[in-house]
Structures are given as structure tokens and as C-alpha cells.
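Participant: What follows is the file work_27.csv, containing CSV, C-alpha atoms:
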```csv
chain,number,residue,atom,x,y,z
T,1,ASP,CA,57.3,139.3,-17.0
T,2,GLN,CA,60.8,138.0,-17.2
T,3,GLN,CA,60.8,135.8,-20.3
T,4,VAL,CA,64.5,135.9,-20.6
T,5,LYS,CA,66.6,135.6,-17.5
T,6,GLN,CA,70.3,136.0,-16.8
T,7,ASN,CA,70.5,134.9,-13.2
T,8,SER,CA,74.2,135.9,-12.6
T,9,PRO,CA,74.6,139.6,-12.5
T,10,SER,CA,78.4,139.3,-12.6
T,11,LEU,CA,81.2,136.9,-13.2
T,12,SER,CA,84.9,137.1,-12.8
T,13,VAL,CA,87.3,134.9,-14.7
T,14,GLN,CA,91.1,134.7,-15.0
T,15,GLU,CA,92.6,135.6,-18.3
T,16,GLY,CA,93.1,132.5,-20.5
T,17,ARG,CA,90.4,130.5,-18.8
T,18,ILE,CA,86.9,129.8,-20.0
T,19,SER,CA,84.0,132.2,-19.4
T,20,ILE,CA,80.5,130.6,-19.3
T,21,LEU,CA,77.6,133.0,-19.4
T,22,ASN,CA,74.1,131.5,-18.9
T,23,CYS,CA,70.7,132.5,-20.0
T,24,ASP,CA,67.3,130.9,-19.4
T,25,TYR,CA,64.0,131.5,-21.1
T,26,THR,CA,60.4,130.7,-20.3
T,27,ASN,CA,58.7,131.0,-23.6
T,28,SER,CA,59.0,127.8,-25.7
T,29,MET,CA,58.0,129.8,-28.8
T,30,PHE,CA,61.4,131.6,-28.9
T,31,ASP,CA,63.3,130.2,-31.9
T,32,TYR,CA,66.1,132.7,-32.4
T,33,PHE,CA,68.6,133.9,-29.9
T,34,LEU,CA,71.4,136.4,-29.9
T,35,TRP,CA,74.2,137.5,-27.6
T,36,TYR,CA,75.3,141.1,-27.4
T,37,LYS,CA,78.3,142.6,-25.7
T,38,LYS,CA,78.1,146.1,-24.2
T,39,TYR,CA,81.0,148.3,-23.1
T,40,PRO,CA,80.3,151.4,-20.9
T,41,ALA,CA,79.1,154.4,-22.9
T,42,GLU,CA,78.5,152.3,-26.0
T,43,GLY,CA,75.5,150.6,-27.5
T,44,PRO,CA,75.2,146.8,-27.5
T,45,THR,CA,77.1,145.1,-30.3
T,46,PHE,CA,76.1,141.8,-31.8
T,47,LEU,CA,78.3,138.9,-30.9
T,48,ILE,CA,76.8,135.6,-32.0
T,49,SER,CA,73.4,134.1,-32.8
T,50,ILE,CA,71.7,130.7,-32.8
T,51,SER,CA,68.6,129.4,-34.4
T,52,SER,CA,66.5,126.8,-32.5
T,53,ILE,CA,67.2,124.2,-35.2
T,54,LYS,CA,70.7,124.1,-34.0
T,55,ASP,CA,72.2,123.3,-30.6
T,56,LYS,CA,75.6,124.9,-31.2
T,57,ASN,CA,77.1,127.8,-33.1
T,58,GLU,CA,80.8,128.7,-33.0
T,59,ASP,CA,82.6,131.9,-34.1
T,60,GLY,CA,86.2,132.0,-33.1
T,61,ARG,CA,86.6,132.1,-29.4
T,62,PHE,CA,82.8,132.4,-28.9
T,63,THR,CA,80.5,129.4,-28.9
T,64,VAL,CA,76.8,129.5,-28.1
T,65,PHE,CA,75.0,126.3,-26.9
T,66,LEU,CA,71.3,125.9,-26.9
T,67,ASN,CA,69.4,123.3,-24.9
T,68,LYS,CA,65.8,123.6,-26.0
T,69,SER,CA,64.4,121.0,-23.6
T,70,ALA,CA,65.9,122.9,-20.6
T,71,LYS,CA,65.1,126.3,-22.2
T,72,HIS,CA,68.7,127.3,-21.6
T,73,LEU,CA,71.5,128.8,-23.6
T,74,SER,CA,75.0,129.6,-22.7
T,75,LEU,CA,77.9,131.6,-24.2
T,76,HIS,CA,81.4,130.1,-23.9
T,77,ILE,CA,84.4,132.4,-24.4
T,78,VAL,CA,87.7,130.5,-24.7
T,79,PRO,CA,90.3,131.7,-23.9
T,80,SER,CA,89.0,134.8,-22.1
T,81,GLN,CA,90.9,138.0,-22.6
T,82,PRO,CA,90.8,141.3,-20.6
T,83,GLY,CA,89.2,143.0,-23.6
T,84,ASP,CA,86.2,140.7,-23.1
T,85,SER,CA,85.3,142.5,-19.9
T,86,ALA,CA,81.9,143.9,-20.6
T,87,VAL,CA,78.2,143.4,-20.0
T,88,TYR,CA,76.7,140.5,-22.0
T,89,PHE,CA,73.1,140.3,-22.9
T,90,CYS,CA,71.2,137.4,-24.3
T,91,ALA,CA,68.1,138.2,-26.4
T,92,ALA,CA,65.3,136.1,-27.9
T,93,SER,CA,62.7,136.4,-30.6
T,94,ILE,CA,59.9,134.4,-32.2
T,95,THR,CA,60.7,134.6,-35.9
T,96,THR,CA,57.5,132.9,-37.0
T,97,SER,CA,55.2,135.5,-35.3
T,98,GLY,CA,56.1,138.4,-37.5
T,99,THR,CA,57.4,140.3,-34.5
T,100,TYR,CA,60.2,142.8,-34.9
T,101,LYS,CA,61.4,142.8,-31.4
T,102,TYR,CA,63.9,140.9,-29.2
T,103,ILE,CA,63.3,140.3,-25.5
T,104,PHE,CA,66.5,141.0,-23.6
T,105,GLY,CA,67.8,139.5,-20.4
T,106,THR,CA,69.2,141.8,-17.7
T,107,GLY,CA,72.8,141.2,-18.5
T,108,THR,CA,75.8,139.6,-16.9
T,109,ARG,CA,78.9,141.8,-16.2
T,110,LEU,CA,82.0,139.8,-17.1
T,111,LYS,CA,85.3,140.8,-15.6
T,112,VAL,CA,88.4,139.1,-17.0
T,113,LEU,CA,91.3,139.4,-14.7
T,114,ALA,CA,94.8,139.7,-16.1
J,1,GLU,CA,82.4,150.3,-40.5
J,2,PRO,CA,78.9,151.8,-40.8
J,3,GLU,CA,77.4,153.0,-37.6
J,4,VAL,CA,74.2,154.3,-36.1
J,5,THR,CA,74.7,157.8,-34.7
J,6,GLN,CA,72.7,159.2,-31.9
J,7,THR,CA,72.5,162.8,-30.6
J,8,PRO,CA,72.7,164.1,-28.0
J,9,SER,CA,74.7,161.7,-25.9
J,10,HIS,CA,73.1,163.2,-22.8
J,11,GLN,CA,70.0,165.2,-22.4
J,12,VAL,CA,68.7,166.7,-19.1
J,13,THR,CA,65.1,168.0,-19.2
J,14,GLN,CA,62.5,169.3,-16.8
J,15,MET,CA,59.6,167.1,-16.0
J,16,GLY,CA,56.7,167.9,-18.3
J,17,GLN,CA,58.9,169.2,-21.1
J,18,GLU,CA,59.1,167.7,-24.6
J,19,VAL,CA,62.3,166.0,-25.8
J,20,ILE,CA,63.4,164.8,-29.2
J,21,LEU,CA,66.1,162.2,-29.4
J,22,ARG,CA,67.7,161.9,-32.8
J,23,CYS,CA,69.2,159.0,-34.7
J,24,VAL,CA,70.9,158.5,-38.0
J,25,PRO,CA,70.5,154.9,-38.9
J,26,ILE,CA,72.8,153.0,-41.4
J,27,SER,CA,72.0,154.3,-44.8
J,28,ASN,CA,70.9,151.0,-46.5
J,29,HIS,CA,69.0,149.7,-43.5
J,30,LEU,CA,65.2,149.5,-43.8
J,31,TYR,CA,64.1,148.7,-40.3
J,32,PHE,CA,64.5,151.1,-37.4
J,33,TYR,CA,64.0,150.6,-33.7
J,34,TRP,CA,64.1,152.3,-30.3
J,35,TYR,CA,64.9,150.5,-27.1
J,36,ARG,CA,65.6,151.8,-23.7
J,37,GLN,CA,67.4,150.7,-20.6
J,38,ILE,CA,66.5,152.1,-17.2
J,39,LEU,CA,69.6,152.0,-15.0
J,40,GLY,CA,70.3,148.5,-13.7
J,41,GLN,CA,67.4,147.0,-15.7
J,42,LYS,CA,67.0,145.1,-18.9
J,43,VAL,CA,67.0,146.6,-22.4
J,44,GLU,CA,63.4,147.0,-23.4
J,45,PHE,CA,61.8,147.3,-26.8
J,46,LEU,CA,59.8,150.4,-27.4
J,47,VAL,CA,59.0,150.5,-31.1
J,48,SER,CA,59.9,149.4,-34.6
J,49,PHE,CA,59.4,151.4,-37.8
J,50,TYR,CA,59.4,150.2,-41.4
J,51,ASN,CA,58.2,151.6,-44.6
J,52,ASN,CA,57.4,155.0,-42.9
J,53,GLU,CA,55.1,153.6,-40.3
J,54,ILE,CA,55.2,151.9,-36.9
J,55,SER,CA,55.3,148.2,-37.4
J,56,GLU,CA,55.2,147.2,-33.8
J,57,LYS,CA,55.2,148.9,-30.4
J,58,SER,CA,55.3,147.9,-26.8
J,59,GLU,CA,53.0,148.8,-23.9
J,60,ILE,CA,55.6,151.3,-22.8
J,61,PHE,CA,55.2,153.2,-26.1
J,62,ASP,CA,52.0,155.1,-25.1
J,63,ASP,CA,50.5,158.3,-26.4
J,64,GLN,CA,53.4,160.4,-25.0
J,65,PHE,CA,55.8,158.8,-27.4
J,66,SER,CA,56.0,159.2,-31.2
J,67,VAL,CA,58.5,158.4,-33.9
J,68,GLU,CA,59.2,160.1,-37.1
J,69,ARG,CA,61.5,159.8,-40.1
J,70,PRO,CA,61.3,163.4,-41.2
J,71,ASP,CA,63.8,163.0,-44.1
J,72,GLY,CA,65.7,160.2,-45.7
J,73,SER,CA,68.3,160.0,-43.0
J,74,ASN,CA,67.0,160.9,-39.5
J,75,PHE,CA,64.9,158.8,-37.2
J,76,THR,CA,63.5,160.6,-34.1
J,77,LEU,CA,61.8,159.6,-30.9
J,78,LYS,CA,59.7,162.3,-29.3
J,79,ILE,CA,58.5,162.2,-25.7
J,80,ARG,CA,55.7,164.8,-25.4
J,81,SER,CA,55.6,165.4,-21.7
J,82,THR,CA,58.5,163.8,-19.9
J,83,LYS,CA,58.0,162.0,-16.5
J,84,LEU,CA,60.7,161.2,-14.0
J,85,GLU,CA,60.3,157.5,-14.9
J,86,ASP,CA,61.3,158.2,-18.5
J,87,SER,CA,64.9,158.7,-17.3
J,88,ALA,CA,66.8,156.0,-19.1
J,89,MET,CA,69.4,155.2,-21.8
J,90,TYR,CA,67.6,155.3,-25.1
J,91,PHE,CA,69.1,153.2,-27.9
J,92,CYS,CA,68.3,153.6,-31.6
J,93,ALA,CA,69.0,150.6,-33.8
J,94,SER,CA,68.6,149.7,-37.4
J,95,SER,CA,68.8,146.5,-39.5
J,96,GLU,CA,68.8,145.6,-43.1
J,97,ARG,CA,66.3,142.9,-42.7
J,98,MET,CA,63.4,142.4,-40.3
J,99,ARG,CA,65.0,141.8,-36.9
J,100,GLY,CA,68.3,141.3,-38.7
J,101,VAL,CA,69.9,137.8,-39.0
J,102,TYR,CA,72.8,139.4,-37.2
J,103,GLY,CA,70.6,141.3,-34.9
J,104,TYR,CA,70.6,145.1,-35.0
J,105,THR,CA,73.2,147.7,-35.2
J,106,PHE,CA,72.8,149.8,-32.1
J,107,GLY,CA,73.8,153.4,-31.6
J,108,SER,CA,75.8,154.5,-28.5
J,109,GLY,CA,72.6,155.7,-26.9
J,110,THR,CA,71.2,159.0,-25.4
J,111,ARG,CA,71.1,159.2,-21.7
J,112,LEU,CA,67.9,161.1,-20.8
J,113,THR,CA,67.7,162.5,-17.3
J,114,VAL,CA,64.3,164.0,-16.3
J,115,VAL,CA,64.5,166.3,-13.2
```
Mind converting the file's structure to C-alpha cells?
Facilitator:
Amino acid sequence: DQQVKQNSPSLSVQEGRISILNCDYTNSMFDYFLWYKKYPAEGPTFLISISSIKDKNEDGRFTVFLNKSAKHLSLHIVPSQPGDSAVYFCAASITTSGTYKYIFGTGTRLKVLA
Amino acid sequence: EPEVTQTPSHQVTQMGQEVILRCVPISNHLYFYWYRQILGQKVEFLVSFYNNEISEKSEIFDDQFSVERPDGSNFTLKIRSTKLEDSAMYFCASSERMRGVYGYTFGSGTRLTVV
């Protein structure tokens, strides 16, 4: 039951260029989405979120886009830096259901090449 | 910056043994969670805990699992009789609000290896 999918297990990008990480979901009830970044031997750290009432949220070099009709979100990192090399997870929740949990994707490993 | 602390960082145990994974959430947080990640797979929700009781649990969280907040600071996950398939990275998390507008704060995880 893969409600949240990250179809690219890995991505390599040159330093200074744009990194685009994609996430698709199947449950149209999801209304809140997060991106986490994870370095080896550390827990995931929160990066950016978006509510389904928006289609874009920006925080510095990070922008998340949400396309509800396509059930797709993407994380753009511009410009990419070597320190951005990590595994990126998207996660989704249904805030109106009273649930406490997020459903995570399997992650995309980003490598930013110097 | 406040952080969630997990101990031990790595635990090796014999199949059938009981293990207790420990977590110290952020002090003013009210909601506590355990997630796990089997190697190469997604991060999966196990359980959430609020107001001294389980608020939600997944199908993974069967009778072999239990959680406790024995005092004001610790939050523990107990696996009563470990199986090989329990080998995973276990992450504790906490949030100030339900789910957290900014997600959770995760600990660094405990790698559990069942042999």
C-alpha cells in the first residue's frame, strides 16, 4: 500500500544547478505535506511544508509545489549546494481525520557534485 | 536548539529477547511518536502517544510492542519478544502540537539488530 511514492531512488546534480525532487500520492484526502531531509546516522529533519489550500510554498532556496489534480508535489532546491546531499523524504497526512501520523515515501538520495 | 535524544544508538539482541528503546523528547512537547525504517524501505509509523495514552497505532504495532512514559521525561518503546524482522532503525519523535505544523522533531534513531 504505497500511498506516497518517490519514484526516483537517486538524483545527481551539479553544484549551483536546480535539484527537483518529485513525489506522487494516491490518496486524494491528503491535505498536508512535508519534506524531510536525512543525513546518514541522523534522524530526518523538517525542511518545508505545504497545505493543500496552497500550490506553492517557498523558504529560501527551497520551494515546494503542489499539483492537486495530478496528486503530485515537487521540491526545488536552487541553487544546489554540496551540503544538500542527503536523502529527501516527502510525507503526507490527512489533517481533518484526527490522525496523528504521516505517511512517508521511500526517499530520494540527492548527490550534489562540486 | 532543543533535540530529541535516543539511546542506545545501536542495540544487538538475540531473537526472542526483550528490548527497550529509550527516548527523551523535547521538554515542552506534548505528542510523542515512534517510527521505524527497515533498511532500504520507507519510514513507517508505529504509534503516537498523548496525554499518557496511545492515541493511534499502526498494524505493525501488535501485542509485542508497548510504549510507556515512566516519568516526566522518558518515552520508551518495548518489544517483548524480538523477531528477525524487527531489525530496523527506530526513530522517536515529538511535537508541540498534534502532528506539528512543522512536522516532528526526530531523534537520531536506534539501530536494532536482531540475530
Participant: For each of T:Gly98, T:Pro44, T:Pro82, T:Pro9, take the minimum atom-to-atom distance to J:Val43, counting all atoms listed in the file, then give the residue where this is smallest.
Facilitator: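 With all atoms listed in the file as the atom set, the closest residue is T:Pro44.
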Participant: Might you pull out every residue within 6 Å of J:Tyr31, with only C-alpha atoms counted and same-chain residues fewer than 6 positions away left off, and present them as a list of chain:residue names?
Facilitator: J:Phe49, J:Tyr50, J:Ser94, J:Ser95
Participant: Might you pull out every residue within 6 Å of T:Arg17, with all atoms listed in the file counted and same-chain residues fewer than 3 positions away left off, and present them as a PDB file with C-alpha atoms, in the frame of the given file?
Facilitator:
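For reference, selection.pdb as written:
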```pdb
ATOM      1  CA  GLN T  14      91.100 134.700 -15.000  1.00  0.00           C
ATOM      2  CA  PRO T  79      90.300 131.700 -23.900  1.00  0.00           C
ATOM      3  CA  SER T  80      89.000 134.800 -22.100  1.00  0.00           C
TER       4      SER T  80
END
```
Participant: Up to 12 Å from chain T, what residues of chain J turn up? Count all atoms listed in the file and give them as an MDAnalysis selection string.
Facilitator: chainID J and resid 3:6 9:10 31:50 54:58 89:95 97:111
Participant: Report, in Å with one decimal, the straight-line distance from atom CA of T:Glu58 to atom CA of T:Val112.
Facilitator: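 Value for the atom CA of T:Glu58-atom CA of T:Val112 distance: 20.5 Å.
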Participant: How many Å separate atom CA of J:Leu112 from atom CA of J:Arg69?
Facilitator: 20.4 Å
Participant: As a list in words, please: the residues near T:Gly60 (cut-off 10 Å, all atoms listed in the file, same-chain neighbours under 2 positions excluded).
Facilitator: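 My reading of the contact set: Glu58, Phe62, Thr63, Ile77 and Val78 of chain T.
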